[in-house]
file upload-v8.cif (mmCIF, C-alpha atoms and all ligand atoms)
data_my_file
loop_
_atom_site.label_atom_id
_atom_site.label_comp_id
_atom_site.auth_asym_id
_atom_site.auth_seq_id
_atom_site.Cartn_x
_atom_site.Cartn_y
_atom_site.Cartn_z
CA MET A 1 91.28 137.78 99.56
CA THR A 2 94.24 135.45 100.01
CA PHE A 3 97.62 137.02 100.81
CA ALA A 4 100.07 135.32 98.43
CA ALA A 5 103.51 134.58 99.88
CA THR A 6 106.16 133.42 97.40
CA ILE A 7 109.61 132.47 98.69
CA ILE A 8 112.63 132.12 96.42
CA THR A 9 115.10 129.92 98.27
CA LEU A 10 117.66 127.12 98.02
CA TYR A 11 115.90 125.50 101.01
CA PRO A 12 112.15 125.26 100.29
CA GLU A 13 111.89 122.59 103.01
CA MET A 14 112.32 125.36 105.60
CA PHE A 15 108.77 126.56 104.75
CA PRO A 16 106.19 126.87 106.18
CA GLY A 17 108.26 125.68 109.18
CA PRO A 18 107.07 127.60 112.23
CA LEU A 19 104.35 129.24 110.12
CA GLY A 20 102.68 125.83 109.78
CA VAL A 21 101.51 125.85 113.40
CA SER A 22 99.44 128.02 115.72
CA LEU A 23 97.90 131.25 114.43
CA ALA A 24 99.67 131.30 111.05
CA GLY A 25 99.07 127.58 110.43
CA ARG A 26 95.36 127.91 111.11
CA ALA A 27 95.15 131.07 109.00
CA ARG A 28 96.72 129.22 106.08
CA GLU A 29 94.28 126.31 106.41
CA GLU A 30 91.47 128.85 106.38
CA GLY A 31 92.82 130.47 103.22
CA ALA A 32 93.87 133.83 104.70
CA TRP A 33 97.29 133.34 103.11
CA SER A 34 98.91 130.97 100.64
CA LEU A 35 102.49 129.81 100.36
CA GLU A 36 104.51 128.95 97.29
CA THR A 37 108.21 128.19 97.27
CA VAL A 38 110.43 128.65 94.23
CA GLN A 39 113.64 126.60 94.15
CA LEU A 40 116.39 128.99 93.08
CA ARG A 41 118.46 126.09 91.76
CA ASP A 42 115.79 125.37 89.12
CA PHE A 43 116.94 128.54 87.35
CA ALA A 44 120.58 127.54 86.98
CA ALA A 45 121.71 127.21 83.37
CA ASP A 46 124.37 124.46 83.51
CA LYS A 47 124.12 120.75 84.08
CA HIS A 48 125.62 121.05 87.56
CA ARG A 49 122.83 123.49 88.44
CA THR A 50 125.31 126.08 89.71
CA VAL A 51 123.79 129.04 91.59
CA ASP A 52 126.93 130.69 92.98
CA ASP A 53 130.41 131.70 91.95
CA THR A 54 133.53 133.21 93.52
CA PRO A 55 133.52 136.95 94.32
CA ALA A 56 134.96 139.31 91.76
CA GLY A 57 138.03 140.91 93.31
CA GLY A 58 138.73 137.84 95.42
CA GLY A 59 137.99 137.05 99.03
CA ALA A 60 136.16 134.41 101.00
CA GLY A 61 132.81 132.83 100.23
CA MET A 62 130.54 132.61 97.23
CA VAL A 63 128.11 135.03 95.59
CA LEU A 64 124.66 134.21 94.18
CA LYS A 65 124.76 134.58 90.39
CA VAL A 66 122.82 137.51 88.92
CA ASP A 67 121.55 135.62 85.86
CA VAL A 68 120.09 132.85 88.04
CA LEU A 69 118.52 135.42 90.40
CA GLY A 70 117.07 137.34 87.45
CA ARG A 71 115.35 134.28 85.99
CA ALA A 72 113.94 133.24 89.38
CA ILE A 73 112.58 136.73 90.07
CA ASP A 74 111.03 136.92 86.59
CA HIS A 75 109.33 133.57 87.22
CA ALA A 76 107.92 134.79 90.56
CA LEU A 77 106.81 138.08 88.98
CA ALA A 78 104.96 136.18 86.25
CA LEU A 79 103.11 134.25 88.98
CA HIS A 80 102.29 137.36 91.04
CA PRO A 81 102.91 140.55 89.04
CA ASP A 82 101.36 142.78 91.72
CA CYS A 83 103.39 141.51 94.68
CA PRO A 84 106.43 143.54 95.77
CA VAL A 85 109.74 141.65 95.71
CA LEU A 86 111.81 141.87 98.90
CA ALA A 87 115.40 140.63 99.14
CA MET A 88 116.62 139.73 102.62
CA THR A 89 119.99 141.33 103.27
CA PRO A 90 121.77 142.95 106.23
CA ARG A 91 122.62 145.77 103.79
CA GLY A 92 118.91 146.56 103.38
CA LYS A 93 116.61 149.08 105.02
CA PRO A 94 115.61 147.89 108.49
CA ILE A 95 112.04 146.58 108.34
CA THR A 96 109.46 148.51 110.38
CA GLN A 97 105.97 147.75 111.65
CA GLU A 98 104.75 150.51 109.34
CA ARG A 99 106.13 148.71 106.26
CA ILE A 100 104.75 145.40 107.54
CA ARG A 101 101.30 146.99 107.80
CA GLU A 102 101.53 148.24 104.21
CA LEU A 103 102.63 144.81 102.97
CA ALA A 104 99.84 143.06 104.89
CA GLY A 105 97.33 145.40 103.26
CA GLY A 106 98.50 144.40 99.77
CA PRO A 107 98.07 141.31 97.57
CA GLY A 108 101.08 139.46 99.00
CA VAL A 109 104.85 139.46 98.94
CA THR A 110 107.68 137.70 97.10
CA ILE A 111 110.77 137.17 99.26
CA LEU A 112 114.22 136.39 97.94
CA CYS A 113 116.43 134.58 100.46
CA GLY A 114 120.19 134.95 100.21
CA ARG A 115 122.89 132.44 101.18
CA PHE A 116 126.70 132.45 101.26
CA GLU A 117 128.04 136.03 100.90
CA GLY A 118 124.78 137.24 99.39
CA PHE A 119 123.64 138.59 96.02
CA ASP A 120 125.46 139.95 92.98
CA GLU A 121 124.71 143.66 93.44
CA ARG A 122 123.56 144.12 89.84
CA ILE A 123 120.28 142.35 90.60
CA PHE A 124 119.18 145.48 92.50
CA GLU A 125 119.85 147.62 89.44
CA GLY A 126 118.22 145.27 86.95
CA ARG A 127 115.04 144.43 88.86
CA ALA A 128 112.69 146.37 91.16
CA VAL A 129 113.71 144.69 94.40
CA GLU A 130 113.37 146.19 97.88
CA GLN A 131 116.37 145.37 100.09
CA VAL A 132 115.21 144.57 103.61
CA SER A 133 117.14 143.88 106.81
CA VAL A 134 115.59 142.34 109.91
CA GLY A 135 118.14 143.90 112.24
CA ASP A 136 121.82 144.54 112.82
CA ILE A 137 122.70 140.87 113.03
CA VAL A 138 124.11 138.45 110.47
CA LEU A 139 122.13 135.29 109.73
CA SER A 140 123.47 132.34 107.75
CA GLY A 141 120.64 132.70 105.26
CA GLY A 142 117.63 134.80 104.37
CA GLU A 143 115.10 132.10 105.29
CA PRO A 144 114.68 132.96 109.01
CA ALA A 145 114.40 136.62 108.00
CA ALA A 146 111.67 135.74 105.48
CA LEU A 147 109.82 133.77 108.17
CA MET A 148 109.98 136.82 110.45
CA VAL A 149 108.62 139.21 107.83
CA LEU A 150 105.87 136.78 106.85
CA ASP A 151 104.86 136.07 110.45
CA ALA A 152 104.52 139.79 111.12
CA CYS A 153 102.33 140.22 108.01
CA ILE A 154 100.13 137.19 108.61
CA ARG A 155 99.05 138.17 112.10
CA LEU A 156 97.68 141.43 110.67
CA LEU A 157 95.57 139.79 107.94
CA PRO A 158 91.82 140.26 108.38
CA GLY A 159 90.32 137.70 110.75
CA VAL A 160 93.63 136.13 111.78
CA MET A 161 93.83 137.58 115.27
CA GLY A 162 90.14 137.05 115.83
CA ALA A 163 88.42 138.89 118.63
CA THR A 164 91.58 140.12 120.34
CA GLU A 165 92.26 143.81 120.23
CA SER A 166 95.97 143.18 120.01
CA GLY A 167 97.48 144.90 117.03
CA HIS A 168 96.16 148.29 118.03
CA GLU A 169 97.78 149.20 121.32
CA GLU A 170 100.93 147.34 120.49
CA SER A 171 104.62 148.16 120.47
CA PHE A 172 105.53 150.49 117.57
CA GLU A 173 101.93 151.18 116.55
CA GLU A 174 102.09 154.63 118.14
CA GLY A 175 105.82 154.90 117.57
CA LEU A 176 106.32 153.74 121.17
CA LEU A 177 107.06 150.48 122.95
CA GLU A 178 104.02 148.96 124.61
CA TYR A 179 103.50 149.30 128.38
CA PRO A 180 104.41 146.22 130.51
CA HIS A 181 101.89 143.48 131.31
CA TYR A 182 101.06 141.53 134.49
CA THR A 183 98.69 138.70 135.37
CA ARG A 184 97.88 136.50 138.39
CA PRO A 185 99.26 135.54 140.87
CA VAL A 186 99.14 138.98 142.48
CA ASP A 187 102.12 138.06 144.67
CA TRP A 188 105.07 136.16 143.14
CA GLU A 189 108.09 135.70 145.38
CA GLY A 190 107.16 138.92 147.15
CA ARG A 191 106.78 140.90 143.92
CA THR A 192 103.33 142.34 143.43
CA ILE A 193 101.34 143.69 140.49
CA PRO A 194 101.36 147.54 140.45
CA GLU A 195 98.51 148.79 142.65
CA VAL A 196 97.01 151.00 139.93
CA LEU A 197 96.32 147.99 137.69
CA ARG A 198 94.21 146.47 140.47
CA SER A 199 92.34 149.71 141.22
CA GLY A 200 89.59 149.28 138.65
CA ASP A 201 89.98 152.98 137.78
CA HIS A 202 90.18 152.86 134.00
CA ALA A 203 91.28 156.45 133.53
CA LYS A 204 94.11 156.00 136.02
CA ILE A 205 95.12 152.74 134.39
CA ALA A 206 95.19 154.35 130.94
CA ALA A 207 97.32 157.22 132.27
CA TRP A 208 99.76 154.81 133.96
CA ARG A 209 100.09 152.76 130.76
CA LYS A 210 100.73 155.85 128.64
CA LEU A 211 103.38 157.04 131.09
CA ARG A 212 105.13 153.65 131.16
CA ALA A 213 105.04 153.39 127.36
CA GLU A 214 106.70 156.79 127.11
CA GLU A 215 109.22 156.23 129.90
CA ASP A 216 110.26 152.79 128.72
CA THR A 217 110.64 154.00 125.14
CA ARG A 218 112.75 156.95 126.25
CA LEU A 219 115.05 154.76 128.37
CA ARG A 220 115.26 151.65 126.19
CA ARG A 221 114.94 153.07 122.69
CA PRO A 222 116.19 156.64 122.50
CA ASP A 223 116.06 156.30 118.69
CA LEU A 224 112.30 155.60 118.71
CA TRP A 225 111.72 158.26 121.34
CA GLU A 226 113.43 160.95 119.26
CA ARG A 227 111.37 160.01 116.22
CA HIS A 228 108.16 159.95 118.26
CA ARG A 229 108.87 163.38 119.72
CA GLY A 230 109.80 164.72 116.30
CA ALA A 231 106.53 163.45 114.81
CA ARG A 232 104.56 164.93 117.71
CA ASP A 233 106.21 168.33 117.49
CA ARG A 234 106.00 168.52 113.70
CA PRO A 235 102.38 168.31 112.52
CA ALA A 236 101.80 166.97 108.99
CA SER A 237 101.47 170.53 107.64
CA GLY A 238 105.12 171.07 108.50
CA ALA A 239 104.22 174.05 110.67
CA ARG A 240 105.53 173.91 114.22
CA ARG A 241 102.88 173.44 116.83
CA GLU A 242 102.23 176.43 119.12
CA LYS A 243 103.45 175.76 122.64
N1 LIG B 301 128.13 138.92 103.45
C1 LIG B 301 126.88 139.49 103.81
C2 LIG B 301 126.11 138.58 104.76
C3 LIG B 301 125.60 137.34 104.11
S1 LIG B 301 124.65 136.39 105.22
C4 LIG B 301 127.09 140.83 104.50
O1 LIG B 301 128.03 140.93 105.30
O2 LIG B 301 126.30 141.75 104.27
C5 LIG B 301 123.80 135.33 104.12
C6 LIG B 301 122.37 135.71 103.79
O3 LIG B 301 121.63 135.75 105.01
C7 LIG B 301 122.17 137.06 103.19
O4 LIG B 301 122.32 137.03 101.79
C8 LIG B 301 120.75 137.39 103.58
O5 LIG B 301 119.81 136.84 102.69
C9 LIG B 301 120.60 136.71 104.92
N2 LIG B 301 120.74 137.63 106.05
C10 LIG B 301 121.76 137.69 106.95
N3 LIG B 301 121.56 138.65 107.86
C11 LIG B 301 120.40 139.24 107.56
C12 LIG B 301 119.66 140.33 108.13
N4 LIG B 301 120.10 140.98 109.19
N5 LIG B 301 118.49 140.67 107.54
C13 LIG B 301 118.04 140.02 106.44
N6 LIG B 301 118.70 139.00 105.86
C14 LIG B 301 119.85 138.60 106.40
#
call {"tool": "encode", "arguments": {"input": "upload-v8.cif", "output": "structure tokens"}}
result
Amino acid sequence: MTFAATIITLYPEMFPGPLGVSLAGRAREEGAWSLETVQLRDFAADKHRTVDDTPAGGGAGMVLKVDVLGRAIDHALALHPDCPVLAMTPRGKPITQERIRELAGGPGVTILCGRFEGFDERIFEGRAVEQVSVGDIVLSGGEPAALMVLDACIRLLPGVMGATESGHEESFEEGLLEYPHYTRPVDWEGRTIPEVLRSGDHAKIAAWRKLRAEEDTRLRRPDLWERHRGARDRPASGARREK
């Protein structure tokens, strides 16, 4: 099955961009995913092909017009009625690996890229659109955010990562950061690879990796660590585990 990516944007030339090379590029050639861009400007109603207007209430910048957005979304929905529509916005819910995994398991995704000050808010009332943020940063447009979300989905599509086992023991998959990696040379400027990783003792190696994953998560990402501990201490039944 081909994962159908549809991007609504004022800059279709930004796609596939980095997703045209390496893993994602090859996967597209092999038909694991397809890409379609929809030019937002094609849905403007006037002869100047206007897509934005000044913000109600005043202030700097321009706002993407709701009628234009509505027509573009309806067009994309007609092409792929089963694909969820995601709008890229710093006001959205931060994307997670869990959501990426769900998306990658589905028929595809339609991504709406903002520009200027963003979208007329009424589009989120009038259409079933999921507002997604890629982090607490402000980009100049939704396109790099769309590329991020797509990249994360594509690498999970069946066959794309080939024989590697990556994708299982990775950061976030267990709610933890991944343990750190090392490779040859054994000695670099006097810094060596941890002894345990050279011991050949697989049980000891697994224990060391688990410990580092937990320690690093606790120190670097207290937010993830709290959630991980909460999930561990609260079994799905809701009953508290006996200590
Ligand atoms: N005025 C807006 C920012 C607009 S940035 C605000 O302060 O919330 C212009 C466009 O870039 C947005 O419409 C959105 O599509 C995209 N963008 C910027 N930061 C983003 C982020 N963290 N995640 C997803 N999209 C983002």
call {"tool": "residues_near_ligand", "arguments": {"input": "upload-v8.cif", "ligand": "ligand LIG 301 (chain B)", "cutoff": "12 Å", "atoms": "only C-alpha atoms and all ligand atoms", "output": "PyMOL selection string"}}
result
chain A and resi 7-10+52+55+59-65+86-95+111-121+130-149
call {"tool": "closest_residue", "arguments": {"input": "upload-v8.cif", "among": "A:Phe3, A:Trp208, A:Phe43, A:Trp225", "to": "A:Cys153", "atoms": "all atoms listed in the file"}}
result
A:Phe3
call {"tool": "closest_residue", "arguments": {"input": "upload-v8.cif", "among": "A:His202, A:Arg220, A:Arg191, A:Arg232", "to": "A:Glu174", "atoms": "all atoms listed in the file"}}
result
A:Arg232
call {"tool": "residues_around", "arguments": {"input": "upload-v8.cif", "residues": "A:Pro18", "least_positions_apart": "5", "cutoff": "9 Å", "atoms": "all atoms listed in the file", "output": "number ranges by chain"}}
result
A: 24-25, 147, 151
call {"tool": "residues_around", "arguments": {"input": "upload-v8.cif", "residues": "A:Val129", "least_positions_apart": "2", "cutoff": "6 Å", "atoms": "all atoms listed in the file", "output": "PyMOL selection string"}}
result
chain A and resi 85-86+124+127
call {"tool": "axis_aligned_box", "arguments": {"input": "upload-v8.cif", "around": "stretch 129-144 of chain A", "padding_each_side": "6 Å", "output": "AutoDock Vina command-line options"}}
result
--center_x 118.7 --center_y 139.1 --center_z 103.7 --size_x 22.7 --size_y 26.1 --size_z 30.6
call {"tool": "closest_residue", "arguments": {"input": "upload-v8.cif", "among": "A:Asp223, A:Glu102, A:Pro180, A:Gln97", "to": "A:Leu211", "atoms": "all atoms listed in the file"}}
result
A:Pro180
call {"tool": "closest_residue", "arguments": {"input": "upload-v8.cif", "among": "A:Arg101, A:Ala32, A:Thr50, A:Gly126", "to": "A:Asp74", "atoms": "only C-alpha atoms"}}
result
A:Gly126
call {"tool": "atom_distance", "arguments": {"input": "upload-v8.cif", "atom1": "atom CA of A:Pro107", "atom2": "atom CA of A:Thr2"}}
result
7.4 Å
call {"tool": "atom_distance", "arguments": {"input": "upload-v8.cif", "atom1": "atom CA of A:Ala213", "atom2": "atom CA of A:Ser171"}}
result
8.7 Å
call {"tool": "closest_residue", "arguments": {"input": "upload-v8.cif", "among": "A:Val160, A:Glu214, A:His80, A:Ala203", "to": "A:Glu29", "atoms": "all atoms listed in the file"}}
result
A:Val160
call {"tool": "atom_distance", "arguments": {"input": "upload-v8.cif", "atom1": "atom CA of A:Phe172", "atom2": "atom CA of A:Arg234"}}
result
18.4 Å
call {"tool": "residues_around", "arguments": {"input": "upload-v8.cif", "residues": "A:Gly105", "least_positions_apart": "2", "cutoff": "12 Å", "atoms": "all atoms listed in the file", "output": "list in words"}}
result
Met1, Thr2, Phe3, Ala4, Cys83, Pro84, Glu98, Arg99, Ile100, Arg101, Glu102, Leu103, Pro107, Gly108, Val109, Cys153, Ile154, Arg155, Leu156, Leu157 and Pro158 of chain A
call {"tool": "closest_residue", "arguments": {"input": "upload-v8.cif", "among": "A:Ala72, A:Ala78, A:Leu150, A:Glu195", "to": "A:Gly17", "atoms": "only C-alpha atoms"}}
result
A:Leu150
call {"tool": "residues_around", "arguments": {"input": "upload-v8.cif", "residues": "A:His228", "least_positions_apart": "4", "cutoff": "8 Å", "atoms": "all atoms listed in the file", "output": "list of chain:residue names"}}
result
A:Gly175, A:Leu176, A:Leu224, A:Arg232
